[in-house]
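Here the structure is laid out as structure tokens; the discussion comes afterwards.
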Amino acid sequence: MKQYFDVKSKYPDAILLFRVGDFYETFGEDAVNAAAVLGIVLTSRNNGGSDIELAGFPHHSLDVYLPRLVKAGYRVAICEQLEKPSKHKKIVRRGVTEMVTPGLAMSEQLLDHRQNNFLCAIYRYSSQQWGICFLDISTGEFLVASGDEQYMQQLIQSFNPSEFIFPRSQKELFFERFGKDHYVFVLDDWAFAEHNNEEKLLRHFKIKNLKGFGVHDMPAVIVSAGAILNYLETTENRNVSHISSIRKIVRDEYVWLDEFTLRNLELLEPQHSTGQSLYQMMDRTLSPMGSRLLKKWISLPLVQLDRIERRHGAVEELIVHKELRQGLAQSLKKVGDAERLVSKVSMEKINPREMAQLKNALSEMGLVKQLLEKSKLDFLPAIGEKVVPCERLIEQIGNALAEEPPTNLSKGGVIRAEYNADLDEFRDLISNSKERILELQEKEASATGIDKLKVGFNNVFGYYFEVTNKYKDKGLVPEHWVRKQTLTNSERYISQELKILEEKILTAEEKILELEVRLFSELVSFAQDYIKQIQINAQLMAQLDCLHCFASLAESYNYVKPQMN
């Protein structure tokens, strides 16, 4: 309990799920809240003379209960056992490995695959200058903008963040200007210090200045973007290499749509529960990535003529070349949500089955590239040229993973046969342990002349050789055998070779799991070198998906390609 209170003191504003053996336990006020939200039994425990409320659930039910807590508006800190229990260690080391909030969700149970899940940092730099930053940790998208209060309102309406962070000194100002119907978390003012945040951005992106992102002269943006990185660190989200760039939202590149226009034209959300928005009517995308991008395209319409004409040209090519469109559709369906899968690679939260899905997605991207480049058209091949083939990664995943790996790494059967010699040996031992014992028995019988040699097993000293008195009296027992037990008609011995084989057999399952965990971890590390390339590919697939969607709509409703000036 002392350990629990030490950890809890560092996360006073979160429900702490404290791992104890096979359970996550909550105590005190956390237990009262958790029991009410989750519908689990609230009990109490006597600790040193005083009762404390207690509520818990099995660790394998985390995916069921965690989303309920977050959707109820709670921040949740997950405290794991950081070492294996043993006879010599009464209390194992524990620590918070993950903090989950509405704006920092990675679990599929918390995310809508057709919508971004943005965390928003907002900061008033001066009376007319605000900085705003939107981060979707599940995709790595990092969007920034600056402007007046009205522009902030429009962006908030367009991006609909799940969580806002801002400095404590601006709390009342935020509520006054943007309302109280938001999930918010207040940070100390030092988290919005301009110089510190610029340094933080430079360190994160491993660059010397911010000119490449075009935000070097935007102090309000630097402050809000740096504050988000601060927030990630304090919430135990440190493996975030998939946040690899900053994209500036340039106001002049898009049609100005204020919050009233977005709402009254029902572009993204219907005004009535039975209604449908423009986005819902138009969404014929084939992947979650395409659906998310379509929402951005609707809320940020282009004003640059050349970009509009390129988009129209690509749509026209897809309408005219139906065979190309059909081939593209088949691959886009199989690409799935590569954007969120690669984010899980960065955060080391990807499971074996998802890694196999990523390999399949990359293979389909390669087919899309070939399909577009063969088409010899004007607009679509330019997209295909930018797709980065990841053949080495596809090959590595294919070599390492079993044909149909499980979701849970601890279930075993993750790594393909013949990928690792040690793993093959341990698997062979489990499958053929009786044969291995029999081989050793026959070998020793032949070497010693004890043709009736037997191998047995008991719980006291494990495997043993049993030699009848007839052979013992002939002096056939080797000197290096150690006598362990004398019976009426025989004696039992062990040898070094027998003990080594026994150790291998009895620990094979444990060693297999350890080895599979290590090999899968190495595969994830290998994949991390490809994060940027996969993100580029995913963005290109999302664009193609939206263009395909437009072609489908145009064909259905007999839309005409407009002449723009």
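Residue numbers start at 1 in each chain; chains themselves are named A, B, ... in the order of the structure tokens; ligands are numbered from 1 in the order shown.
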
* To do: Going by DSSP on the backbone, which bits of stretch 196-286 of chain A are helix (DSSP H, G or I)? Write them as a count of residues only, please.
  => 43

* Asked: Near A:Pro102, within 9 Å and counting only C-alpha atoms, which residues show up once chain neighbours fewer than 6 positions away are dropped, as a list in words?
  ->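 With the cut-off at 9 Å, the set is Val70, Lys71, Gly73, Tyr74, Arg75, Leu110, Asn117, Phe118, Leu119, Ser162, Glu163 and Tyr183 of chain A.
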
* Asked: Quick one: distance from atom CA of A:Leu318 to atom CA of A:Cys549 in Å, one decimal?
  ->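 Between atom CA of A:Leu318 and atom CA of A:Cys549 the gap works out to 9.8 Å.
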
* Asked: Suppose you want the space between atom CA of A:Leu501 and atom CA of A:Leu519; what is it in Å?
  -> 23.8 Å

Can you check which parts of stretch 192-270 of chain A lie within 9 Å of stretch 527-539 of chain A? Per residue, the shortest pair of atoms and distance in Å to one decimal, counting only C-alpha atoms, sorted by chain and number, as a Markdown table.
```
| residue | atom | partner | partner_atom | distance |
| --- | --- | --- | --- | --- |
| A:Ser241 | CA | A:Ile531 | CA | 8.0 |
| A:His242 | CA | A:Ile531 | CA | 6.3 |
| A:Ser244 | CA | A:Lys532 | CA | 7.1 |
```

* For stretch 446-455 of chain A, work out the shell of residues within 8 Å, counting only C-alpha atoms and skipping chain neighbours fewer than 2 positions away, then give it as a list of chain:residue names. =>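 What passes the distance filter is A:Ile437, A:Leu438, A:Gln441, A:Glu442, A:Lys443, A:Glu444, A:Phe457, A:Tyr463, A:Tyr464, A:Phe465, A:Glu466, A:Val467, A:Tyr471, A:Leu476, A:Val477, A:Pro478.
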
Write out, as JSON lines, each residue of stretch 59-109 of chain A that has an atom at most 12 Å from stretch 221-232 of chain A, together with the closest pair of atoms and their distance in Å to one decimal, counting only C-alpha atoms, rows going by chain and rising number.
```
{"residue": "A:Glu98", "atom": "CA", "partner": "A:Leu232", "partner_atom": "CA", "distance": 10.4}
{"residue": "A:Met99", "atom": "CA", "partner": "A:Leu232", "partner_atom": "CA", "distance": 9.3}
{"residue": "A:Val100", "atom": "CA", "partner": "A:Leu232", "partner_atom": "CA", "distance": 10.6}
{"residue": "A:Thr101", "atom": "CA", "partner": "A:Leu232", "partner_atom": "CA", "distance": 10.9}
{"residue": "A:Gly103", "atom": "CA", "partner": "A:Leu232", "partner_atom": "CA", "distance": 10.5}
{"residue": "A:Leu104", "atom": "CA", "partner": "A:Leu232", "partner_atom": "CA", "distance": 8.5}
{"residue": "A:Ala105", "atom": "CA", "partner": "A:Leu232", "partner_atom": "CA", "distance": 11.8}
```

Residue contacts of stretch 267-282 of chain A (12 Å, only C-alpha atoms) excluding same-chain residues fewer than 5 positions away, as a compact mmCIF listing (two decimals) with N, CA, C and O atoms, in the first residue's frame:
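New file selection-v7.txt:
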```
# COMPACT_ATOMS: atom_id res chain seq x y z
N ARG A 114 -13.09 6.17 -38.58
CA ARG A 114 -13.34 7.12 -39.66
C ARG A 114 -13.18 8.57 -39.22
O ARG A 114 -13.47 9.49 -39.97
N GLN A 115 -12.70 8.77 -37.99
CA GLN A 115 -12.50 10.14 -37.51
C GLN A 115 -11.14 10.26 -36.83
O GLN A 115 -10.68 9.33 -36.18
N GLN A 157 -14.13 24.07 -34.70
CA GLN A 157 -15.35 23.48 -35.29
C GLN A 157 -14.98 22.42 -36.34
O GLN A 157 -15.58 21.35 -36.42
N SER A 158 -13.95 22.70 -37.14
CA SER A 158 -13.56 21.79 -38.22
C SER A 158 -12.90 20.52 -37.69
O SER A 158 -13.14 19.42 -38.20
N PHE A 159 -12.03 20.68 -36.68
CA PHE A 159 -11.24 19.53 -36.23
C PHE A 159 -11.83 18.82 -35.01
O PHE A 159 -11.44 17.70 -34.70
N ASN A 160 -12.77 19.47 -34.32
CA ASN A 160 -13.53 18.84 -33.23
C ASN A 160 -12.64 18.02 -32.28
O ASN A 160 -12.77 16.79 -32.18
N LEU A 257 -14.33 29.33 -44.19
CA LEU A 257 -15.63 28.83 -43.73
C LEU A 257 -15.70 29.06 -42.22
O LEU A 257 -14.98 28.41 -41.46
N ASP A 258 -16.53 30.00 -41.80
CA ASP A 258 -16.62 30.23 -40.35
C ASP A 258 -17.47 29.14 -39.70
O ASP A 258 -18.07 28.30 -40.39
N GLU A 259 -17.50 29.15 -38.39
CA GLU A 259 -18.20 28.07 -37.66
C GLU A 259 -19.69 28.02 -38.00
O GLU A 259 -20.29 26.95 -38.02
N PHE A 260 -20.28 29.19 -38.31
CA PHE A 260 -21.72 29.22 -38.61
C PHE A 260 -21.99 28.56 -39.97
O PHE A 260 -22.97 27.86 -40.15
N THR A 261 -21.08 28.82 -40.93
CA THR A 261 -21.23 28.20 -42.26
C THR A 261 -21.10 26.68 -42.14
O THR A 261 -21.91 25.94 -42.70
N LEU A 262 -20.10 26.24 -41.42
CA LEU A 262 -19.89 24.79 -41.24
C LEU A 262 -21.13 24.14 -40.63
O LEU A 262 -21.56 23.07 -41.05
N GLY A 290 -8.86 7.27 -45.85
CA GLY A 290 -9.55 8.08 -46.84
C GLY A 290 -10.71 8.85 -46.24
O GLY A 290 -10.93 10.02 -46.54
N SER A 291 -11.43 8.19 -45.35
CA SER A 291 -12.58 8.82 -44.70
C SER A 291 -12.16 10.02 -43.86
O SER A 291 -12.81 11.06 -43.88
N ARG A 292 -11.05 9.86 -43.15
CA ARG A 292 -10.56 10.97 -42.31
C ARG A 292 -10.10 12.14 -43.17
O ARG A 292 -10.33 13.30 -42.84
N LEU A 293 -9.44 11.83 -44.30
CA LEU A 293 -8.96 12.89 -45.18
C LEU A 293 -10.12 13.61 -45.86
O LEU A 293 -10.09 14.84 -46.04
N LEU A 294 -11.15 12.87 -46.23
CA LEU A 294 -12.32 13.48 -46.87
C LEU A 294 -12.92 14.56 -45.98
O LEU A 294 -13.31 15.64 -46.45
N LYS A 295 -12.97 14.30 -44.69
CA LYS A 295 -13.53 15.28 -43.75
C LYS A 295 -12.70 16.56 -43.78
O LYS A 295 -13.26 17.67 -43.76
N LYS A 296 -11.37 16.42 -43.88
CA LYS A 296 -10.51 17.61 -43.95
C LYS A 296 -10.72 18.34 -45.28
O LYS A 296 -10.75 19.57 -45.31
N TRP A 297 -10.84 17.59 -46.37
CA TRP A 297 -11.04 18.23 -47.69
C TRP A 297 -12.35 19.02 -47.73
O TRP A 297 -12.42 20.07 -48.36
N ILE A 298 -13.38 18.51 -47.06
CA ILE A 298 -14.67 19.21 -47.06
C ILE A 298 -14.59 20.49 -46.21
O ILE A 298 -15.12 21.53 -46.59
N SER A 299 -13.91 20.41 -45.08
CA SER A 299 -13.87 21.57 -44.18
C SER A 299 -12.81 22.60 -44.59
O SER A 299 -12.86 23.74 -44.15
N LEU A 300 -11.85 22.18 -45.43
CA LEU A 300 -10.81 23.11 -45.90
C LEU A 300 -10.75 23.07 -47.43
O LEU A 300 -9.83 22.52 -48.03
N PRO A 301 -11.73 23.67 -48.14
CA PRO A 301 -11.74 23.62 -49.60
C PRO A 301 -10.58 24.44 -50.20
O PRO A 301 -10.24 25.51 -49.69
N CYS A 546 -9.85 9.22 -51.63
CA CYS A 546 -10.78 10.34 -51.78
C CYS A 546 -11.09 10.60 -53.26
O CYS A 546 -12.24 10.87 -53.63
N LEU A 547 -10.07 10.52 -54.12
CA LEU A 547 -10.27 10.73 -55.56
C LEU A 547 -11.18 9.65 -56.14
O LEU A 547 -12.06 9.91 -56.95
N HIS A 548 -10.96 8.40 -55.68
CA HIS A 548 -11.82 7.29 -56.10
C HIS A 548 -13.26 7.53 -55.66
O HIS A 548 -14.22 7.27 -56.39
N CYS A 549 -13.39 8.02 -54.43
CA CYS A 549 -14.72 8.35 -53.87
C CYS A 549 -15.41 9.39 -54.74
O CYS A 549 -16.60 9.26 -55.08
N PHE A 550 -14.68 10.44 -55.15
CA PHE A 550 -15.25 11.50 -55.99
C PHE A 550 -15.68 10.94 -57.35
O PHE A 550 -16.73 11.32 -57.88
N ALA A 551 -14.84 10.06 -57.91
CA ALA A 551 -15.16 9.47 -59.21
C ALA A 551 -16.45 8.65 -59.12
O ALA A 551 -17.31 8.70 -60.01
N SER A 552 -16.59 7.92 -58.03
CA SER A 552 -17.78 7.10 -57.82
C SER A 552 -19.03 7.98 -57.70
O SER A 552 -20.07 7.69 -58.29
N LEU A 553 -18.91 9.08 -56.93
CA LEU A 553 -20.04 10.01 -56.77
C LEU A 553 -20.41 10.66 -58.10
O LEU A 553 -21.58 10.76 -58.45
N ALA A 554 -19.37 11.10 -58.83
CA ALA A 554 -19.60 11.79 -60.10
C ALA A 554 -20.33 10.88 -61.09
O ALA A 554 -21.25 11.32 -61.80
N SER A 556 -22.24 8.26 -60.30
CA SER A 556 -23.60 7.96 -59.82
C SER A 556 -24.57 9.09 -60.10
O SER A 556 -25.73 8.86 -60.45
N TYR A 557 -24.12 10.34 -59.91
CA TYR A 557 -25.02 11.48 -60.00
C TYR A 557 -24.84 12.30 -61.28
O TYR A 557 -25.37 13.41 -61.39
```

* DSSP on the backbone: what in stretch 32-275 of chain A comes out strand (DSSP E), as a ChimeraX atom specification? -> /A:43-47,50-58,76-81,94-100,119-126,129-136,141-147,163-167,184-187,247-248

* Asked: So what do you get for atom CA of A:Thr407 versus atom CA of A:Leu515, distance-wise?
  ->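 Pair atom CA of A:Thr407 / atom CA of A:Leu515 returns 16.9 Å.
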
* Please identify all polymer residues within 12 Å of A:Leu362, counting only C-alpha atoms, omitting same-chain residues fewer than 2 positions from it, and present them as a count of residues only. => 43

Excluding A:Leu210 and residues on its chain fewer than 3 positions from it, collect all residues at most 12 Å away from it, counting only C-alpha atoms, and give them as an mmCIF file with all heavy atoms, in the first residue's frame.
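Written file, part_24.cif:
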```cif
data_model
loop_
_atom_site.group_PDB
_atom_site.id
_atom_site.type_symbol
_atom_site.label_atom_id
_atom_site.label_comp_id
_atom_site.auth_asym_id
_atom_site.auth_seq_id
_atom_site.Cartn_x
_atom_site.Cartn_y
_atom_site.Cartn_z
ATOM 1 N N ASN A 197 10.042 25.652 -25.204
ATOM 2 C CA ASN A 197 9.255 24.880 -26.167
ATOM 3 C C ASN A 197 9.909 24.834 -27.538
ATOM 4 O O ASN A 197 9.807 23.835 -28.249
ATOM 5 C CB ASN A 197 7.834 25.441 -26.254
ATOM 6 C CG ASN A 197 7.000 25.022 -25.043
ATOM 7 O OD1 ASN A 197 7.454 24.222 -24.229
ATOM 8 N ND2 ASN A 197 5.808 25.555 -24.923
ATOM 9 N N GLU A 198 10.588 25.910 -27.910
ATOM 10 C CA GLU A 198 11.327 25.872 -29.175
ATOM 11 C C GLU A 198 12.435 24.818 -29.095
ATOM 12 O O GLU A 198 12.628 24.027 -30.024
ATOM 13 C CB GLU A 198 11.919 27.247 -29.501
ATOM 14 C CG GLU A 198 12.611 27.250 -30.857
ATOM 15 C CD GLU A 198 13.016 28.632 -31.324
ATOM 16 O OE1 GLU A 198 12.827 29.610 -30.574
ATOM 17 O OE2 GLU A 198 13.535 28.745 -32.450
ATOM 18 N N GLU A 199 13.149 24.802 -27.966
ATOM 19 C CA GLU A 199 14.208 23.794 -27.769
ATOM 20 C C GLU A 199 13.627 22.379 -27.822
ATOM 21 O O GLU A 199 14.227 21.468 -28.399
ATOM 22 C CB GLU A 199 14.899 24.017 -26.404
ATOM 23 C CG GLU A 199 15.800 25.233 -26.354
ATOM 24 C CD GLU A 199 17.001 25.092 -27.285
ATOM 25 O OE1 GLU A 199 17.590 24.006 -27.332
ATOM 26 O OE2 GLU A 199 17.313 26.070 -27.992
ATOM 27 N N LYS A 200 12.468 22.210 -27.223
ATOM 28 C CA LYS A 200 11.828 20.888 -27.203
ATOM 29 C C LYS A 200 11.481 20.422 -28.620
ATOM 30 O O LYS A 200 11.691 19.254 -28.974
ATOM 31 C CB LYS A 200 10.573 20.930 -26.323
ATOM 32 C CG LYS A 200 9.947 19.582 -26.073
ATOM 33 C CD LYS A 200 8.959 19.628 -24.939
ATOM 34 C CE LYS A 200 9.625 19.676 -23.591
ATOM 35 N NZ LYS A 200 10.365 18.437 -23.260
ATOM 36 N N LEU A 201 10.963 21.325 -29.434
ATOM 37 C CA LEU A 201 10.626 20.983 -30.819
ATOM 38 C C LEU A 201 11.881 20.624 -31.617
ATOM 39 O O LEU A 201 11.892 19.650 -32.373
ATOM 40 C CB LEU A 201 9.904 22.155 -31.490
ATOM 41 C CG LEU A 201 8.469 22.437 -31.010
ATOM 42 C CD1 LEU A 201 7.985 23.780 -31.525
ATOM 43 C CD2 LEU A 201 7.519 21.332 -31.447
ATOM 44 N N LEU A 202 12.944 21.395 -31.443
ATOM 45 C CA LEU A 202 14.190 21.129 -32.165
ATOM 46 C C LEU A 202 14.760 19.769 -31.782
ATOM 47 O O LEU A 202 15.228 19.010 -32.634
ATOM 48 C CB LEU A 202 15.219 22.231 -31.878
ATOM 49 C CG LEU A 202 14.854 23.648 -32.374
ATOM 50 C CD1 LEU A 202 15.908 24.655 -31.933
ATOM 51 C CD2 LEU A 202 14.693 23.679 -33.881
ATOM 52 N N ARG A 203 14.696 19.453 -30.486
ATOM 53 C CA ARG A 203 15.214 18.151 -30.013
ATOM 54 C C ARG A 203 14.369 17.010 -30.553
ATOM 55 O O ARG A 203 14.893 16.001 -31.002
ATOM 56 C CB ARG A 203 15.230 18.107 -28.476
ATOM 57 C CG ARG A 203 16.416 18.765 -27.838
ATOM 58 C CD ARG A 203 16.631 18.292 -26.397
ATOM 59 N NE ARG A 203 15.424 18.390 -25.597
ATOM 60 C CZ ARG A 203 15.049 19.488 -24.950
ATOM 61 N NH1 ARG A 203 15.778 20.592 -25.013
ATOM 62 N NH2 ARG A 203 13.940 19.500 -24.226
ATOM 63 N N HIS A 204 13.043 17.181 -30.505
ATOM 64 C CA HIS A 204 12.156 16.092 -30.945
ATOM 65 C C HIS A 204 12.360 15.778 -32.425
ATOM 66 O O HIS A 204 12.460 14.606 -32.807
ATOM 67 C CB HIS A 204 10.688 16.453 -30.693
ATOM 68 C CG HIS A 204 9.728 15.443 -31.252
ATOM 69 N ND1 HIS A 204 9.447 14.250 -30.610
ATOM 70 C CD2 HIS A 204 9.029 15.416 -32.420
ATOM 71 C CE1 HIS A 204 8.609 13.543 -31.355
ATOM 72 N NE2 HIS A 204 8.342 14.227 -32.457
ATOM 73 N N PHE A 205 12.412 16.822 -33.250
ATOM 74 C CA PHE A 205 12.515 16.599 -34.699
ATOM 75 C C PHE A 205 13.960 16.465 -35.181
ATOM 76 O O PHE A 205 14.204 16.263 -36.368
ATOM 77 C CB PHE A 205 11.806 17.723 -35.461
ATOM 78 C CG PHE A 205 10.314 17.737 -35.263
ATOM 79 C CD1 PHE A 205 9.696 18.755 -34.550
ATOM 80 C CD2 PHE A 205 9.525 16.717 -35.766
ATOM 81 C CE1 PHE A 205 8.319 18.763 -34.361
ATOM 82 C CE2 PHE A 205 8.147 16.710 -35.582
ATOM 83 C CZ PHE A 205 7.544 17.742 -34.876
ATOM 84 N N LYS A 206 14.918 16.619 -34.222
ATOM 85 C CA LYS A 206 16.358 16.489 -34.539
ATOM 86 C C LYS A 206 16.754 17.450 -35.677
ATOM 87 O O LYS A 206 17.334 17.043 -36.683
ATOM 88 C CB LYS A 206 16.715 15.041 -34.909
ATOM 89 C CG LYS A 206 16.458 14.042 -33.786
ATOM 90 C CD LYS A 206 16.862 12.632 -34.199
ATOM 91 C CE LYS A 206 16.731 11.643 -33.063
ATOM 92 N NZ LYS A 206 15.401 11.412 -32.589
ATOM 93 N N ILE A 207 16.409 18.713 -35.498
ATOM 94 C CA ILE A 207 16.714 19.742 -36.502
ATOM 95 C C ILE A 207 17.367 20.942 -35.813
ATOM 96 O O ILE A 207 17.343 21.057 -34.582
ATOM 97 C CB ILE A 207 15.431 20.201 -37.247
ATOM 98 C CG1 ILE A 207 14.324 20.571 -36.244
ATOM 99 C CG2 ILE A 207 14.936 19.126 -38.194
ATOM 100 C CD1 ILE A 207 13.051 21.086 -36.866
ATOM 101 N N PHE A 213 9.686 23.780 -41.476
ATOM 102 C CA PHE A 213 8.250 23.615 -41.227
ATOM 103 C C PHE A 213 7.496 24.927 -41.461
ATOM 104 O O PHE A 213 6.259 24.948 -41.389
ATOM 105 C CB PHE A 213 7.991 23.140 -39.799
ATOM 106 C CG PHE A 213 8.551 21.781 -39.491
ATOM 107 C CD1 PHE A 213 9.256 21.543 -38.307
ATOM 108 C CD2 PHE A 213 8.395 20.722 -40.374
ATOM 109 C CE1 PHE A 213 9.765 20.283 -38.019
ATOM 110 C CE2 PHE A 213 8.905 19.460 -40.089
ATOM 111 C CZ PHE A 213 9.593 19.243 -38.910
ATOM 112 N N GLY A 214 8.233 26.023 -41.662
ATOM 113 C CA GLY A 214 7.590 27.315 -41.910
ATOM 114 C C GLY A 214 6.970 27.939 -40.681
ATOM 115 O O GLY A 214 6.075 28.785 -40.789
ATOM 116 N N VAL A 215 7.431 27.556 -39.478
ATOM 117 C CA VAL A 215 6.829 28.109 -38.259
ATOM 118 C C VAL A 215 7.858 28.864 -37.409
ATOM 119 O O VAL A 215 7.576 29.239 -36.274
ATOM 120 C CB VAL A 215 6.166 26.991 -37.403
ATOM 121 C CG1 VAL A 215 5.053 26.322 -38.173
ATOM 122 C CG2 VAL A 215 7.186 25.955 -36.945
ATOM 123 N N HIS A 216 9.058 29.085 -37.974
ATOM 124 C CA HIS A 216 10.143 29.717 -37.208
ATOM 125 C C HIS A 216 9.790 31.118 -36.721
ATOM 126 O O HIS A 216 10.314 31.579 -35.711
ATOM 127 C CB HIS A 216 11.423 29.765 -38.041
ATOM 128 C CG HIS A 216 11.272 30.520 -39.320
ATOM 129 N ND1 HIS A 216 10.537 30.022 -40.376
ATOM 130 C CD2 HIS A 216 11.731 31.751 -39.708
ATOM 131 C CE1 HIS A 216 10.566 30.900 -41.369
ATOM 132 N NE2 HIS A 216 11.270 31.959 -40.992
ATOM 133 N N ASP A 217 8.901 31.814 -37.449
ATOM 134 C CA ASP A 217 8.519 33.178 -37.079
ATOM 135 C C ASP A 217 7.093 33.231 -36.526
ATOM 136 O O ASP A 217 6.405 34.240 -36.643
ATOM 137 C CB ASP A 217 8.661 34.101 -38.294
ATOM 138 C CG ASP A 217 7.843 33.610 -39.496
ATOM 139 O OD1 ASP A 217 7.286 32.488 -39.412
ATOM 140 O OD2 ASP A 217 7.764 34.335 -40.501
ATOM 141 N N MET A 218 6.645 32.118 -35.951
ATOM 142 C CA MET A 218 5.278 32.047 -35.403
ATOM 143 C C MET A 218 5.353 31.633 -33.928
ATOM 144 O O MET A 218 5.128 30.477 -33.565
ATOM 145 C CB MET A 218 4.442 31.029 -36.199
ATOM 146 C CG MET A 218 4.324 31.379 -37.680
ATOM 147 S SD MET A 218 3.513 30.058 -38.640
ATOM 148 C CE MET A 218 1.814 30.213 -38.092
ATOM 149 N N PRO A 219 5.691 32.597 -33.041
ATOM 150 C CA PRO A 219 5.901 32.249 -31.622
ATOM 151 C C PRO A 219 4.686 31.614 -30.953
ATOM 152 O O PRO A 219 4.828 30.716 -30.126
ATOM 153 C CB PRO A 219 6.253 33.593 -30.977
ATOM 154 C CG PRO A 219 5.812 34.638 -31.950
ATOM 155 C CD PRO A 219 5.921 34.024 -33.304
ATOM 156 N N VAL A 221 2.521 29.625 -32.273
ATOM 157 C CA VAL A 221 2.484 28.229 -32.703
ATOM 158 C C VAL A 221 3.566 27.419 -31.991
ATOM 159 O O VAL A 221 3.323 26.291 -31.530
ATOM 160 C CB VAL A 221 2.663 28.141 -34.243
ATOM 161 C CG1 VAL A 221 3.130 26.751 -34.674
ATOM 162 C CG2 VAL A 221 1.358 28.490 -34.940
ATOM 163 N N ILE A 222 4.759 27.981 -31.887
ATOM 164 C CA ILE A 222 5.878 27.293 -31.222
ATOM 165 C C ILE A 222 5.507 26.960 -29.777
ATOM 166 O O ILE A 222 5.775 25.859 -29.288
ATOM 167 C CB ILE A 222 7.153 28.158 -31.283
ATOM 168 C CG1 ILE A 222 7.666 28.233 -32.738
ATOM 169 C CG2 ILE A 222 8.243 27.613 -30.360
ATOM 170 C CD1 ILE A 222 8.758 29.256 -32.969
ATOM 171 N N ALA A 225 2.727 24.133 -29.788
ATOM 172 C CA ALA A 225 3.261 22.848 -30.257
ATOM 173 C C ALA A 225 4.212 22.244 -29.231
ATOM 174 O O ALA A 225 4.183 21.037 -28.966
ATOM 175 C CB ALA A 225 3.969 23.037 -31.599
ATOM 176 N N SER A 245 6.700 15.344 -38.359
ATOM 177 C CA SER A 245 6.734 16.664 -38.998
ATOM 178 C C SER A 245 5.588 17.516 -38.478
ATOM 179 O O SER A 245 4.644 17.015 -37.873
ATOM 180 C CB SER A 245 6.641 16.536 -40.523
ATOM 181 O OG SER A 245 5.378 16.043 -40.893
ATOM 182 N N ILE A 246 5.698 18.817 -38.739
ATOM 183 C CA ILE A 246 4.637 19.764 -38.407
ATOM 184 C C ILE A 246 4.051 20.268 -39.725
ATOM 185 O O ILE A 246 4.795 20.630 -40.637
ATOM 186 C CB ILE A 246 5.189 20.973 -37.609
ATOM 187 C CG1 ILE A 246 5.729 20.524 -36.249
ATOM 188 C CG2 ILE A 246 4.111 22.035 -37.420
ATOM 189 C CD1 ILE A 246 6.405 21.632 -35.470
ATOM 190 N N ARG A 247 2.740 20.276 -39.817
ATOM 191 C CA ARG A 247 2.112 20.830 -41.020
ATOM 192 C C ARG A 247 1.359 22.100 -40.655
ATOM 193 O O ARG A 247 0.494 22.091 -39.775
ATOM 194 C CB ARG A 247 1.144 19.810 -41.632
ATOM 195 C CG ARG A 247 0.711 20.234 -43.044
ATOM 196 C CD ARG A 247 -0.223 19.231 -43.680
ATOM 197 N NE ARG A 247 -1.429 19.914 -44.156
ATOM 198 C CZ ARG A 247 -2.650 19.442 -44.025
ATOM 199 N NH1 ARG A 247 -2.856 18.291 -43.428
ATOM 200 N NH2 ARG A 247 -3.679 20.103 -44.492
ATOM 201 N N LYS A 248 1.745 23.180 -41.304
ATOM 202 C CA LYS A 248 1.110 24.473 -41.041
ATOM 203 C C LYS A 248 -0.170 24.593 -41.866
ATOM 204 O O LYS A 248 -0.164 24.328 -43.067
ATOM 205 C CB LYS A 248 2.098 25.586 -41.392
ATOM 206 C CG LYS A 248 1.590 26.980 -41.088
ATOM 207 C CD LYS A 248 2.697 28.027 -41.215
ATOM 208 C CE LYS A 248 3.131 28.193 -42.657
ATOM 209 N NZ LYS A 248 4.007 29.374 -42.843
#
```

* Selection: 8 Å around A:Leu371, only C-alpha atoms, excl. self and same-chain fewer than 4 positions, as a ChimeraX atom specification -> /A:324,327-328,367,375

* Option closest in space to A:Lys171, from A:Leu286, A:Leu38, A:Leu66, A:Leu187 [counting only C-alpha atoms] ->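 Between A:Leu286, A:Leu38, A:Leu66, A:Leu187, the residue approaching A:Lys171 most closely is A:Leu187.
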